[in-house]
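Single-structure report; data block below.
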Amino acid sequence: MPSPQLPLALKLDTEATFDNFYTPEGHRLLVNQLRQQAAGAGEKWVYLYGAGGRSHLLQACCHLAESEGRYARYIPLVELIDFEPESLLEGAEYLDLLCFDDIQLIAGHAEWERAVFNCYNRMLTTSACMLVSSSVAHSQLVLGLPDLQSRLQSLSSYRLSDLNEPERMAALKFKAGIRGILVSDAVAEYIYTRCQRDAKSLFDLLNVLDRLSLVEQRKLTIPFVKQVMAW
């Protein structure tokens with residue numbers, strides 16, 4: 001069965017930048033390492049795993065690299081796993097930064113595993129850097145190609161941990177502030193105690209509240225939030 005036609009352009013999310021990423025104390029070293037790699041002053045091989053936010057950080061690295069006049073490519077495997085890998089990775093060894101998002105998805109896809117392995121080997125001879133994200137630690141990857149498994153396990157590994165409760169509350173207010181929305185402590189607590197408490201659900205709800213508050217020209221008060229959440 002032929003591979004589907006490759007999209008003409010793979011665009012980065014314009015909002016997925018370091019400035020838009022809430023960075024608690026425990027993530028500052030990790031984020032600093034990613035910034036350095038993106039700017040060309042950090043490690044060549046990096047493996048990022050763990051909680052949500054990985055896709056944001058990989059795209060932020062690409063944005064930063066491009067702002068420094070460097071060439072970056074973002075490969076979101078959740079979207080591209082059904083495409084022919086060689087065309088996606090053609091010339092990747094001449095990039096400054098290559099980012100694979102959700103590398104665990106290539107497990108069992110022999111063509112992808114071989115293509116990533118070959119790409120890695122080509123990058124050994126150039127200055128190109130590789131940043132890989134995964135939902136699991138590299139020790140937990142189960143790939144069909146043992147050589148690729150060992151290569152990925154040699155990458156410098158950084159864990160993106162889940163935000164704790166105070167951090168999720170702070171992240172909610174941080175994201176609101178970026179949008180120019182004033183969220184009081186009382187409103188933030190009301191949202192947090194009545195919404196699913198993972199960061200994605202909180203941010204998705206904030207997007208809805210932002211849009212509806214603009215449409216209805218209303219501030220984010222508890223009665224307004226209660227009304228929206230009841231819909």
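Naming works like this for the structure tokens: A, B, ... for the chains as they're shown, residue 1 at the start of each chain, ligands 1 onward in shown order.
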Give me the residues near range 104-121 of chain A as a short mmCIF file (atom, residue, chain, number, x, y, z; two decimals) with N, CA, C and O atoms, in the first residue's frame, where near means some atom within 6 Å (using only C-alpha atoms) and where sequence neighbours in that chain fewer than 5 positions away do not count.
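Once everything was written out, this is around_12.cif:
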data_model
loop_
_atom_site.label_atom_id
_atom_site.label_comp_id
_atom_site.auth_asym_id
_atom_site.auth_seq_id
_atom_site.Cartn_x
_atom_site.Cartn_y
_atom_site.Cartn_z
N PRO A 85 9.48 7.47 5.61
CA PRO A 85 10.42 8.21 6.43
C PRO A 85 11.61 8.80 5.68
O PRO A 85 12.12 9.85 6.05
N SER A 134 9.86 11.39 24.12
CA SER A 134 9.16 10.12 24.26
C SER A 134 8.29 10.16 25.50
O SER A 134 8.56 10.91 26.45
N LEU A 143 12.25 -1.55 20.88
CA LEU A 143 12.37 -1.43 19.44
C LEU A 143 12.81 -2.75 18.83
O LEU A 143 13.47 -3.56 19.48
N LEU A 148 19.53 0.53 17.03
CA LEU A 148 18.88 1.82 17.28
C LEU A 148 18.57 1.96 18.76
O LEU A 148 18.73 3.05 19.34
#
List as JSON lines every residue of range 127-203 of chain A that is in contact with range 61-75 of chain A, defined as an atom at most 12 Å from one of its atoms (using only C-alpha atoms), together with the nearest atom pair and the distance in Å rounded to one decimal, sorted by chain and then rising number.
{"residue": "A:Ser127", "atom": "CA", "partner": "A:Tyr71", "partner_atom": "CA", "distance": 11.7}
{"residue": "A:Ala128", "atom": "CA", "partner": "A:Ala72", "partner_atom": "CA", "distance": 9.3}
{"residue": "A:Cys129", "atom": "CA", "partner": "A:Ala72", "partner_atom": "CA", "distance": 9.3}
{"residue": "A:Met130", "atom": "CA", "partner": "A:Ala72", "partner_atom": "CA", "distance": 9.8}
{"residue": "A:Leu131", "atom": "CA", "partner": "A:Cys61", "partner_atom": "CA", "distance": 9.0}
{"residue": "A:Val132", "atom": "CA", "partner": "A:Ile75", "partner_atom": "CA", "distance": 9.6}
{"residue": "A:Ser133", "atom": "CA", "partner": "A:Ile75", "partner_atom": "CA", "distance": 10.3}
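Minimum atom-to-atom distance to Asp198 in chain A, evaluated using only C-alpha atoms, belongs to A:Ala51 out of A:Val183, A:Ala51, A:Ala92, A:Leu124.
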Please build the interface table for range 37-156 of chain A against range 199-216 of chain A with a cut-off of 12 Å, listing for each qualifying residue the nearest atom pair and the distance in Å to one decimal; count only C-alpha atoms, order rows by chain and increasing number, and write it as a tab-separated table.
residue	atom	partner	partner_atom	distance
A:Ala51	CA	A:Ala199	CA	9.8
A:Gly52	CA	A:Lys200	CA	7.7
A:Gly53	CA	A:Lys200	CA	8.7
A:Arg54	CA	A:Lys200	CA	12.0
A:His56	CA	A:Lys200	CA	11.6
Under the rule of at most 7 Å, produce a per-residue listing of range 153-196 of chain A near range 17-24 of chain A: chain, number, name, the closest pair of atoms, and the distance in Å, as CSV, using only C-alpha atoms.
residue,atom,partner,partner_atom,distance
A:Glu167,CA,A:Pro24,CA,6.8
A:Ala171,CA,A:Tyr22,CA,5.7
A:Phe174,CA,A:Tyr22,CA,6.7
Separating CA of Leu48 in chain A from CA of Gln153 in chain A, to the nearest tenth of an Å, is a gap of 11.6 Å
**Report entry** Gap from CA of Gly50 in chain A to CA of Ala137 in chain A - Å, one decimal
**Finding:**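 Interatomic distance here is 7.3 Å.
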Counting only C-alpha atoms, the residue among A:Leu163, A:Asp96, A:Pro76, A:Tyr158 that lies closest to Asn32 in chain A is A:Tyr158
Could you give me the residues within range 18-198 of chain A that DSSP places in strand (DSSP E), as a PyMOL selection string? chain A and resi 45-50+72-76+97-101+129-134+156-160
